[in-house]
file query-v7.csv (CSV, C-alpha atoms)
chain,number,residue,atom,x,y,z
A,1,MET,CA,-5.9,-46.9,30.2
A,2,ALA,CA,-5.9,-43.9,32.4
A,3,GLU,CA,-8.2,-41.1,31.1
A,4,MET,CA,-6.5,-38.1,29.6
A,5,GLU,CA,-6.3,-35.1,31.9
A,6,TYR,CA,-8.6,-32.3,30.8
A,7,ARG,CA,-7.0,-28.9,30.7
A,8,ASP,CA,-9.1,-25.8,30.9
A,9,TRP,CA,-7.6,-23.2,28.5
A,10,ALA,CA,-9.0,-20.4,30.5
A,11,SER,CA,-6.9,-21.4,33.5
A,12,ILE,CA,-3.5,-21.0,31.8
A,13,SER,CA,-1.1,-18.7,33.6
A,14,PRO,CA,-1.4,-15.0,32.5
A,15,ASP,CA,2.4,-15.0,31.9
A,16,LEU,CA,2.0,-17.8,29.3
A,17,ILE,CA,-0.9,-15.9,27.6
A,18,LEU,CA,1.3,-12.8,27.3
A,19,LEU,CA,4.1,-15.0,25.9
A,20,VAL,CA,1.8,-16.3,23.2
A,21,LEU,CA,0.6,-12.8,22.4
A,22,LYS,CA,4.2,-11.7,21.6
A,23,ASN,CA,4.8,-14.3,18.9
A,24,PRO,CA,2.1,-14.0,16.1
A,25,PRO,CA,3.1,-11.5,13.4
A,26,ASP,CA,0.0,-12.5,11.4
A,27,ILE,CA,-3.3,-10.7,12.1
A,28,GLY,CA,-5.2,-13.9,11.6
A,29,ASP,CA,-3.5,-15.6,14.6
A,30,PHE,CA,-4.3,-12.6,16.7
A,31,ILE,CA,-7.9,-12.6,15.8
A,32,ARG,CA,-8.2,-16.4,16.5
A,33,PHE,CA,-6.5,-15.7,19.8
A,34,HIS,CA,-9.5,-13.4,20.7
A,35,ALA,CA,-11.9,-16.2,19.9
A,36,VAL,CA,-10.5,-18.9,22.3
A,37,CYS,CA,-12.3,-17.8,25.4
A,38,THR,CA,-13.4,-14.8,27.5
A,39,ALA,CA,-10.2,-14.9,29.6
A,40,TRP,CA,-7.9,-14.8,26.5
A,41,ARG,CA,-9.9,-12.1,24.9
A,42,SER,CA,-9.7,-10.0,28.0
A,43,ALA,CA,-5.9,-10.5,28.2
A,44,ALA,CA,-5.5,-9.4,24.6
A,45,LEU,CA,-7.5,-6.2,25.2
A,46,HIS,CA,-5.4,-5.2,28.2
A,47,SER,CA,-2.0,-6.1,26.9
A,48,PRO,CA,0.3,-4.3,24.5
A,49,LEU,CA,-0.1,-5.3,20.8
A,50,PRO,CA,2.4,-7.8,19.5
A,51,THR,CA,5.1,-7.2,16.9
A,52,PRO,CA,3.7,-4.8,14.3
A,53,PHE,CA,1.6,-6.6,11.8
A,54,LEU,CA,2.8,-7.2,8.3
A,55,PRO,CA,0.9,-5.8,5.4
A,56,LEU,CA,-2.0,-7.7,3.9
A,57,LEU,CA,-3.3,-7.4,0.3
A,58,PHE,CA,-6.9,-6.3,0.2
A,59,ASP,CA,-9.1,-7.9,-2.5
A,60,ARG,CA,-12.8,-7.9,-2.9
A,61,CYS,CA,-15.1,-10.4,-4.6
A,62,SER,CA,-17.0,-8.7,-7.4
A,63,LYS,CA,-20.1,-11.0,-7.1
A,64,LYS,CA,-20.4,-11.5,-3.4
A,65,CYS,CA,-20.2,-9.2,-0.4
A,66,CYS,CA,-16.9,-10.6,0.6
A,67,ILE,CA,-13.5,-9.1,1.5
A,68,HIS,CA,-10.3,-11.1,1.2
A,69,LEU,CA,-7.1,-10.2,3.0
A,70,HIS,CA,-4.1,-12.1,1.6
A,71,SER,CA,-0.9,-12.6,3.5
A,72,PRO,CA,2.3,-13.2,1.4
A,73,PHE,CA,4.1,-14.4,4.5
A,74,ALA,CA,1.7,-16.8,6.1
A,75,GLY,CA,0.6,-18.0,2.7
A,76,ASN,CA,-3.1,-17.8,3.6
A,77,SER,CA,-6.2,-15.6,3.2
A,78,HIS,CA,-8.7,-14.2,5.6
A,79,SER,CA,-12.3,-13.6,4.3
A,80,PHE,CA,-15.0,-11.4,5.7
A,81,HIS,CA,-18.6,-10.9,4.6
A,82,TYR,CA,-19.2,-7.1,4.5
A,83,GLN,CA,-21.5,-4.9,2.5
A,84,LEU,CA,-19.5,-2.2,0.7
A,85,SER,CA,-22.2,-1.7,-1.9
A,86,LYS,CA,-20.9,-0.1,-5.0
A,87,LYS,CA,-18.2,1.9,-3.3
A,88,ARG,CA,-14.6,1.9,-4.6
A,89,VAL,CA,-11.7,1.1,-2.3
A,90,SER,CA,-8.2,2.7,-2.5
A,91,GLY,CA,-5.0,2.5,-0.6
A,92,PRO,CA,-2.3,1.5,0.3
A,93,SER,CA,-2.2,2.7,3.9
A,94,HIS,CA,-1.4,1.9,7.5
A,95,GLY,CA,-4.6,0.9,9.3
A,96,GLU,CA,-7.4,2.1,7.1
A,97,LEU,CA,-8.4,2.2,3.4
A,98,LEU,CA,-10.3,4.8,1.6
A,99,THR,CA,-13.8,4.1,0.4
A,100,TYR,CA,-15.8,6.4,-1.8
A,101,ASP,CA,-19.0,6.6,-3.8
A,102,GLN,CA,-18.5,7.7,-7.4
A,103,LYS,CA,-21.9,9.4,-7.6
A,104,THR,CA,-21.9,11.4,-4.3
A,105,PHE,CA,-18.1,11.6,-3.8
A,106,ARG,CA,-18.6,10.9,-0.1
A,107,PHE,CA,-15.5,9.5,1.5
A,108,CYS,CA,-14.9,7.2,4.5
A,109,LEU,CA,-11.9,5.7,6.2
A,110,PHE,CA,-12.5,1.9,6.4
A,111,ASN,CA,-10.7,-0.6,8.6
A,112,PRO,CA,-11.0,-4.0,6.8
A,113,VAL,CA,-10.2,-5.9,10.0
A,114,THR,CA,-12.6,-4.2,12.5
A,115,HIS,CA,-15.0,-3.0,9.8
A,116,LYS,CA,-15.1,0.4,11.5
A,117,GLU,CA,-15.9,3.4,9.2
A,118,MET,CA,-15.1,7.1,9.8
A,119,ASN,CA,-16.8,9.7,7.6
A,120,LEU,CA,-14.7,12.3,5.8
A,121,PRO,CA,-15.9,15.6,4.3
A,122,PRO,CA,-17.5,15.2,0.9
A,123,LEU,CA,-15.8,16.7,-2.2
A,124,GLN,CA,-17.4,18.9,-4.8
A,125,ARG,CA,-18.2,16.7,-7.8
A,126,ASP,CA,-16.9,19.3,-10.3
A,127,SER,CA,-13.5,19.3,-8.6
A,128,CYS,CA,-13.1,15.6,-8.9
A,129,PRO,CA,-11.5,13.9,-11.9
A,130,GLU,CA,-12.8,10.7,-13.3
A,131,SER,CA,-10.1,8.7,-11.7
A,132,SER,CA,-9.2,6.5,-8.8
A,133,PHE,CA,-8.1,8.1,-5.5
A,134,HIS,CA,-5.0,7.5,-3.4
A,135,LEU,CA,-5.1,7.7,0.4
A,136,GLU,CA,-2.2,8.7,2.6
A,137,LEU,CA,-2.5,9.0,6.4
A,138,ILE,CA,0.2,11.2,8.0
A,139,GLU,CA,1.0,9.3,11.2
A,140,ASN,CA,0.6,10.9,14.6
A,141,ARG,CA,-0.8,14.1,13.2
A,142,GLY,CA,-4.4,13.0,12.3
A,143,ILE,CA,-4.1,14.3,8.8
A,144,VAL,CA,-5.7,12.7,5.8
A,145,VAL,CA,-4.3,13.3,2.3
A,146,VAL,CA,-6.2,12.2,-0.8
A,147,SER,CA,-4.8,12.5,-4.3
A,148,ALA,CA,-6.1,11.8,-7.8
A,149,ALA,CA,-4.7,12.3,-11.3
A,150,ASP,CA,-6.5,12.7,-14.6
A,151,GLY,CA,-3.4,12.6,-16.9
A,152,ARG,CA,-3.1,16.4,-17.2
A,153,ASN,CA,-3.6,17.5,-13.6
A,154,LEU,CA,-2.8,16.2,-10.1
A,155,HIS,CA,-5.4,17.0,-7.4
A,156,ILE,CA,-4.4,16.9,-3.8
A,157,TRP,CA,-6.9,17.3,-0.9
A,158,SER,CA,-6.0,17.3,2.8
A,159,CYS,CA,-7.9,17.7,6.1
A,160,ARG,CA,-7.6,16.8,9.7
A,161,ILE,CA,-9.8,14.2,11.3
A,162,GLY,CA,-13.0,16.0,12.3
A,163,ASP,CA,-12.7,18.8,9.7
A,164,GLU,CA,-15.8,19.7,7.6
A,165,THR,CA,-13.9,20.8,4.5
A,166,TRP,CA,-10.8,20.0,2.5
A,167,SER,CA,-7.8,22.1,1.5
A,168,GLN,CA,-7.1,21.6,-2.2
A,169,ILE,CA,-4.0,21.9,-4.4
A,170,LYS,CA,-4.3,21.5,-8.2
A,171,LEU,CA,-1.1,21.1,-10.3
A,172,HIS,CA,-1.0,21.1,-14.1
A,173,VAL,CA,1.4,18.2,-14.6
A,174,ARG,CA,1.5,15.1,-16.8
A,175,THR,CA,0.8,12.4,-14.2
A,176,GLU,CA,0.0,9.2,-15.9
A,177,GLY,CA,2.0,6.5,-14.2
A,178,ALA,CA,3.9,9.0,-12.1
A,179,GLY,CA,3.8,8.9,-8.3
A,180,ASN,CA,3.5,11.3,-5.5
A,181,ALA,CA,4.1,11.2,-1.7
A,182,HIS,CA,4.1,13.3,1.4
A,183,PHE,CA,7.6,13.5,2.9
A,184,LYS,CA,9.0,15.7,5.7
A,185,GLY,CA,6.1,18.2,5.4
A,186,MET,CA,6.3,18.6,1.7
A,187,TYR,CA,4.5,17.0,-1.3
A,188,TYR,CA,6.8,15.3,-3.8
A,189,VAL,CA,5.3,14.8,-7.3
A,190,ASN,CA,6.9,13.2,-10.3
A,191,ILE,CA,5.9,15.7,-13.1
A,192,SER,CA,6.0,12.9,-15.7
A,193,LEU,CA,7.4,9.5,-16.3
A,194,ASN,CA,11.2,9.9,-16.4
A,195,GLY,CA,10.7,13.7,-15.7
A,196,PRO,CA,11.7,15.9,-12.7
A,197,THR,CA,10.2,15.7,-9.3
A,198,ALA,CA,8.4,18.8,-7.9
A,199,VAL,CA,8.7,19.7,-4.2
A,200,ILE,CA,5.5,21.5,-3.2
A,201,ASP,CA,4.9,23.5,0.0
A,202,PRO,CA,1.3,22.6,1.2
A,203,SER,CA,1.0,25.9,3.2
A,204,SER,CA,1.7,28.2,0.3
A,205,ARG,CA,0.8,25.7,-2.5
A,206,ASN,CA,3.8,26.8,-4.4
A,207,ILE,CA,6.5,24.6,-6.0
A,208,ARG,CA,9.6,25.1,-3.8
A,209,SER,CA,12.1,23.3,-6.1
A,210,MET,CA,12.5,20.8,-9.0
A,211,ILE,CA,14.6,17.7,-8.6
A,212,PRO,CA,16.2,16.5,-11.9
A,213,PRO,CA,15.3,13.0,-13.0
A,214,PRO,CA,17.8,10.2,-12.3
A,215,LYS,CA,20.7,10.4,-14.7
A,216,ASP,CA,21.6,6.7,-14.8
A,217,ARG,CA,18.2,5.3,-15.5
A,218,ILE,CA,18.2,2.4,-18.0
A,219,PHE,CA,15.3,2.6,-20.5
A,220,HIS,CA,13.6,-0.2,-22.4
A,221,HIS,CA,14.7,-0.5,-26.0
A,222,GLU,CA,11.0,-0.2,-27.0
A,223,ASP,CA,9.9,3.4,-26.5
A,224,TRP,CA,6.2,2.6,-26.2
A,225,LYS,CA,7.0,0.4,-23.1
A,226,ASN,CA,8.8,3.3,-21.5
A,227,ASN,CA,5.6,5.4,-21.8
A,228,LYS,CA,3.5,2.8,-20.1
A,229,ALA,CA,5.8,2.2,-17.1
A,230,THR,CA,5.1,3.3,-13.5
A,231,ASP,CA,7.3,5.7,-11.6
A,232,TYR,CA,6.6,5.4,-7.8
A,233,LEU,CA,7.5,7.6,-4.9
A,234,VAL,CA,7.6,5.7,-1.6
A,235,VAL,CA,8.8,6.8,1.9
A,236,SER,CA,10.9,4.0,3.3
A,237,ASP,CA,12.8,4.0,6.6
A,238,GLY,CA,13.0,7.8,6.7
A,239,LYS,CA,14.1,8.0,3.1
A,240,LEU,CA,12.3,8.9,-0.1
A,241,LEU,CA,12.6,6.3,-2.9
A,242,ARG,CA,11.8,6.7,-6.6
A,243,ILE,CA,11.0,3.3,-8.0
A,244,PHE,CA,10.7,2.7,-11.8
A,245,ARG,CA,8.7,-0.4,-12.7
A,246,PHE,CA,9.1,-1.4,-16.3
A,247,TYR,CA,6.0,-2.1,-18.3
A,248,ASP,CA,5.3,-5.8,-17.8
A,249,LEU,CA,1.7,-6.6,-18.7
A,250,LEU,CA,2.8,-8.8,-21.7
A,251,ASP,CA,5.9,-10.2,-19.9
A,252,SER,CA,6.2,-13.2,-17.7
A,253,VAL,CA,6.7,-12.7,-14.0
A,254,GLU,CA,10.3,-13.7,-14.3
A,255,ASN,CA,10.9,-10.8,-16.6
A,256,CYS,CA,9.5,-8.1,-14.3
A,257,ARG,CA,12.1,-5.5,-13.4
A,258,PHE,CA,12.4,-2.5,-11.0
A,259,GLU,CA,15.0,0.3,-10.7
A,260,ILE,CA,15.4,2.1,-7.4
A,261,HIS,CA,16.8,5.6,-6.7
A,262,ARG,CA,17.1,7.3,-3.3
A,263,LEU,CA,16.8,11.0,-2.8
A,264,ASP,CA,20.1,12.5,-1.7
A,265,PHE,CA,20.0,15.9,0.1
A,266,GLY,CA,23.8,16.5,-0.1
A,267,GLY,CA,26.3,17.3,-2.8
A,268,LYS,CA,27.1,20.5,-4.7
A,269,GLU,CA,24.2,19.9,-7.1
A,270,GLY,CA,21.7,20.0,-4.3
A,271,PHE,CA,18.9,17.4,-4.3
A,272,ASN,CA,19.5,14.5,-6.7
A,273,TRP,CA,18.5,10.8,-7.2
A,274,VAL,CA,21.2,8.2,-6.3
A,275,LYS,CA,20.8,4.6,-7.6
A,276,THR,CA,20.6,1.9,-5.0
A,277,GLY,CA,20.4,-1.9,-5.1
A,278,ASP,CA,19.9,-2.5,-1.4
A,279,LEU,CA,16.8,-1.9,0.7
A,280,GLY,CA,18.4,-3.4,3.9
A,281,ASP,CA,15.7,-4.9,6.1
A,282,GLN,CA,12.9,-2.9,4.3
A,283,MET,CA,10.2,-4.5,2.2
A,284,LEU,CA,8.2,-2.5,-0.4
A,285,PHE,CA,4.5,-3.2,-1.2
A,286,LEU,CA,3.4,-1.6,-4.4
A,287,ASP,CA,-0.1,-1.4,-5.9
A,288,LYS,CA,-1.1,0.2,-9.2
A,289,LEU,CA,0.4,3.6,-8.6
A,290,HIS,CA,1.5,3.8,-5.0
A,291,GLY,CA,3.3,1.9,-2.2
A,292,ILE,CA,4.2,1.5,1.4
A,293,SER,CA,7.3,0.2,3.2
A,294,LYS,CA,7.8,-2.0,6.2
A,295,SER,CA,10.8,-3.4,8.1
A,296,CYS,CA,11.2,-7.1,8.7
A,297,GLU,CA,13.6,-6.5,11.7
A,298,GLY,CA,12.8,-8.9,14.5
A,299,ILE,CA,10.3,-10.9,12.5
A,300,LYS,CA,11.3,-14.6,12.0
A,301,GLY,CA,11.1,-16.2,8.6
A,302,VAL,CA,10.6,-12.9,6.8
A,303,ARG,CA,13.4,-11.4,4.6
A,304,GLY,CA,13.9,-7.8,3.6
A,305,ASN,CA,15.3,-6.2,0.4
A,306,CYS,CA,12.2,-7.4,-1.5
A,307,ILE,CA,9.4,-5.8,-3.4
A,308,TYR,CA,5.9,-7.3,-3.3
A,309,PHE,CA,3.7,-6.4,-6.2
A,310,THR,CA,0.8,-7.7,-8.3
A,311,LYS,CA,0.4,-8.1,-12.0
A,312,TYR,CA,-2.0,-9.6,-14.5
A,313,ARG,CA,-1.1,-12.9,-16.0
A,314,TYR,CA,-2.8,-15.0,-18.7
A,315,PHE,CA,-3.8,-18.6,-18.0
A,316,GLU,CA,-5.1,-20.9,-20.7
A,317,ASP,CA,-7.8,-22.4,-18.4
A,318,ILE,CA,-9.1,-19.2,-16.7
A,319,GLY,CA,-7.8,-16.3,-18.9
A,320,TRP,CA,-6.4,-13.1,-17.3
A,321,SER,CA,-6.0,-13.2,-13.5
A,322,ALA,CA,-4.0,-11.0,-11.1
A,323,VAL,CA,-1.2,-12.8,-9.2
A,324,LEU,CA,0.9,-11.8,-6.2
A,325,CYS,CA,4.7,-11.6,-6.9
A,326,ARG,CA,8.0,-10.9,-5.1
A,327,PHE,CA,11.0,-9.2,-6.6
A,328,ASP,CA,14.4,-9.9,-4.9
A,329,VAL,CA,16.3,-6.6,-5.2
A,330,GLY,CA,19.7,-8.1,-4.5
A,331,LYS,CA,19.4,-10.9,-7.1
A,332,GLY,CA,17.3,-8.9,-9.6
A,333,GLU,CA,14.8,-11.8,-9.8
A,334,ALA,CA,11.0,-12.0,-9.6
A,335,GLU,CA,8.8,-14.9,-8.8
A,336,ALA,CA,5.1,-15.6,-8.5
A,337,LEU,CA,3.6,-16.5,-5.1
A,338,PRO,CA,0.7,-18.9,-4.6
A,339,CYS,CA,-2.0,-16.3,-4.5
A,340,PHE,CA,-4.7,-15.5,-7.1
A,341,LEU,CA,-6.7,-12.3,-7.0
A,342,GLU,CA,-9.8,-10.9,-8.6
A,343,SER,CA,-8.1,-7.5,-8.9
A,344,THR,CA,-4.6,-6.1,-8.4
A,345,GLY,CA,-5.7,-5.1,-4.9
A,346,SER,CA,-4.3,-2.6,-2.5
A,347,TRP,CA,-2.0,-3.0,0.6
A,348,VAL,CA,-3.0,-2.3,4.1
A,349,VAL,CA,-1.1,-2.7,7.4
A,350,PRO,CA,-3.8,-4.2,9.7
A,351,SER,CA,-4.9,-2.4,12.8
A,352,LEU,CA,-7.2,-3.5,15.7
A,353,VAL,CA,-7.8,0.1,16.7
call {"tool": "encode", "arguments": {"input": "query-v7.csv", "output": "structure tokens"}}
result
Amino acid sequence: MAEMEYRDWASISPDLILLVLKNPPDIGDFIRFHAVCTAWRSAALHSPLPTPFLPLLFDRCSKKCCIHLHSPFAGNSHSFHYQLSKKRVSGPSHGELLTYDQKTFRFCLFNPVTHKEMNLPPLQRDSCPESSFHLELIENRGIVVVSAADGRNLHIWSCRIGDETWSQIKLHVRTEGAGNAHFKGMYYVNISLNGPTAVIDPSSRNIRSMIPPPKDRIFHHEDWKNNKATDYLVVSDGKLLRIFRFYDLLDSVENCRFEIHRLDFGGKEGFNWVKTGDLGDQMLFLDKLHGISKSCEGIKGVRGNCIYFTKYRYFEDIGWSAVLCRFDVGKGEAEALPCFLESTGSWVVPSLV
């Protein structure tokens, strides 16, 4: 029998290498591409990045110095050993997550793929509520926005990369379960669950206008569940969406429900929320209080018009555990995906920069 011809991977045509680089939408495939050989690694560094990566769900092991990045599309996880000490991690975001020390209130931007950290200005302890923080990076402007709510007040801090201090806005609003987002140069804040949305000018720190709550919202027949729901604000494909997630801690995954409204700038009544049941090619990724959006256009095997979210679920053998779920907006149906988490996690669009 003739011996099999040995093929040196490093000698593959550069045109073929670039062709391979264009296909993987999963960050794990791209990282493994780097590890093949020096020639492939060099080609990756000097070539345009492939199709924008899809979001991954960040989860950390509570007992080990281990980071898990779960892909709801590839159905796999990537694990890294990294020492985050006792820092908390917040998102969701494009590229980096926010890490902070609860004792010193020192903040960093943390890339969970490259492990790069960038220091941000510290905050005064007396100005920080005992709450988790939310990170928002305003793309192409180098601005970092951090927000936190304590139930009675919403605190918003902003700075440019390289600044030594923060600019702060404090609003006296009921913010439990209510979302906020930066959209077209303004801050939009849901004053309360089922309440109006305030439009805030960051330069003057004044409320420019108040948008009435959705008129056609369907409430749960049990009032206490309405008070424990979540009212997100998410920027999606150049539009601002208000997404109401019904309280579902005690419900099965199949009974999880969402209601979506889009901000409409026209009409005689001015700004108002219009109910929608179609996200087009957009996918929403929601964590505890915030979310991000991503298009599936041009990505094979991925469908839009869906919401990816996490929830706690009780299992007889292991007790309470967080699971990854998907809600089909068109069908109004939710399903659990084969992914178990140590926490509800936070979403991040991976970046190699």
call {"tool": "closest_residue", "arguments": {"input": "query-v7.csv", "among": "A:Pro122, A:Tyr188, A:Ser13, A:Val323", "to": "Thr104 in chain A", "atoms": "all atoms listed in the file"}}
result
A:Pro122
call {"tool": "atom_distance", "arguments": {"input": "query-v7.csv", "atom1": "CA of Ile243 in chain A", "atom2": "CA of Ser93 in chain A"}}
result
17.8 Å
call {"tool": "closest_residue", "arguments": {"input": "query-v7.csv", "among": "A:Phe133, A:Tyr312, A:Phe33, A:Trp273", "to": "Asn194 in chain A", "atoms": "all atoms listed in the file"}}
result
A:Trp273
call {"tool": "closest_residue", "arguments": {"input": "query-v7.csv", "among": "A:His155, A:Lys331, A:His134, A:Arg245", "to": "Ile169 in chain A", "atoms": "only C-alpha atoms"}}
result
A:His155
call {"tool": "closest_residue", "arguments": {"input": "query-v7.csv", "among": "A:Glu335, A:Glu342, A:Asp216, A:Asp251", "to": "Ser321 in chain A", "atoms": "only C-alpha atoms"}}
result
A:Glu342
call {"tool": "residues_around", "arguments": {"input": "query-v7.csv", "residues": "Lys294 in chain A", "least_positions_apart": "5", "cutoff": "12 Å", "atoms": "only C-alpha atoms", "output": "compact mmCIF listing (two decimals) with C-alpha atoms, keeping the file's coordinate frame"}}
result
# COMPACT_ATOMS: atom_id res chain seq x y z
CA PRO A 52 3.70 -4.80 14.30
CA PHE A 53 1.60 -6.60 11.80
CA LEU A 54 2.80 -7.20 8.30
CA PRO A 55 0.90 -5.80 5.40
CA LEU A 56 -2.00 -7.70 3.90
CA SER A 93 -2.20 2.70 3.90
CA HIS A 94 -1.40 1.90 7.50
CA VAL A 234 7.60 5.70 -1.60
CA VAL A 235 8.80 6.80 1.90
CA SER A 236 10.90 4.00 3.30
CA ASP A 237 12.80 4.00 6.60
CA GLY A 238 13.00 7.80 6.70
CA LEU A 279 16.80 -1.90 0.70
CA GLY A 280 18.40 -3.40 3.90
CA ASP A 281 15.70 -4.90 6.10
CA GLN A 282 12.90 -2.90 4.30
CA MET A 283 10.20 -4.50 2.20
CA LEU A 284 8.20 -2.50 -0.40
CA PHE A 285 4.50 -3.20 -1.20
CA LEU A 286 3.40 -1.60 -4.40
CA ILE A 299 10.30 -10.90 12.50
CA VAL A 302 10.60 -12.90 6.80
CA ARG A 303 13.40 -11.40 4.60
CA GLY A 304 13.90 -7.80 3.60
CA ASN A 305 15.30 -6.20 0.40
CA CYS A 306 12.20 -7.40 -1.50
CA ILE A 307 9.40 -5.80 -3.40
CA TYR A 308 5.90 -7.30 -3.30
CA TRP A 347 -2.00 -3.00 0.60
CA VAL A 348 -3.00 -2.30 4.10
CA VAL A 349 -1.10 -2.70 7.40
call {"tool": "atom_distance", "arguments": {"input": "query-v7.csv", "atom1": "CA of Ala322 in chain A", "atom2": "CA of Leu341 in chain A"}}
result
5.1 Å
call {"tool": "closest_residue", "arguments": {"input": "query-v7.csv", "among": "A:Leu250, A:Leu324, A:Leu120, A:Val329", "to": "Gly277 in chain A", "atoms": "only C-alpha atoms"}}
result
A:Val329
call {"tool": "atom_distance", "arguments": {"input": "query-v7.csv", "atom1": "CA of His68 in chain A", "atom2": "CA of Lys300 in chain A"}}
result
24.4 Å
call {"tool": "closest_residue", "arguments": {"input": "query-v7.csv", "among": "A:Phe340, A:Phe244, A:Phe110, A:Phe183", "to": "Lys87 in chain A", "atoms": "only C-alpha atoms"}}
result
A:Phe110
call {"tool": "residues_around", "arguments": {"input": "query-v7.csv", "residues": "range 199-215 of chain A", "least_positions_apart": "6", "cutoff": "8 Å", "atoms": "all atoms listed in the file", "output": "JSON list (two decimals) with C-alpha atoms, in the frame of the given file"}}
result
[["chain", "number", "residue", "atom", "x", "y", "z"],
["A", 169, "ILE", "CA", -4.00, 21.90, -4.40],
["A", 185, "GLY", "CA", 6.10, 18.20, 5.40],
["A", 186, "MET", "CA", 6.30, 18.60, 1.70],
["A", 187, "TYR", "CA", 4.50, 17.00, -1.30],
["A", 188, "TYR", "CA", 6.80, 15.30, -3.80],
["A", 189, "VAL", "CA", 5.30, 14.80, -7.30],
["A", 261, "HIS", "CA", 16.80, 5.60, -6.70],
["A", 271, "PHE", "CA", 18.90, 17.40, -4.30],
["A", 272, "ASN", "CA", 19.50, 14.50, -6.70],
["A", 273, "TRP", "CA", 18.50, 10.80, -7.20],
["A", 274, "VAL", "CA", 21.20, 8.20, -6.30],
["A", 275, "LYS", "CA", 20.80, 4.60, -7.60]]
call {"tool": "residues_around", "arguments": {"input": "query-v7.csv", "residues": "Leu109 in chain A", "least_positions_apart": "2", "cutoff": "9 Å", "atoms": "all atoms listed in the file", "output": "number ranges by chain"}}
result
A: 96-100, 107, 111, 116-120
call {"tool": "residues_near_point", "arguments": {"input": "query-v7.csv", "point": "(0.2, -12.1, 3.1)", "cutoff": "10 Å", "atoms": "all atoms listed in the file", "output": "list of chain:residue names"}}
result
A:Asp26, A:Ile27, A:Leu54, A:Pro55, A:Leu56, A:Leu57, A:Phe58, A:Leu69, A:His70, A:Ser71, A:Pro72, A:Phe73, A:Ala74, A:Gly75, A:Asn76, A:Ser77, A:His78, A:Tyr308, A:Leu324, A:Leu337, A:Cys339, A:Trp347
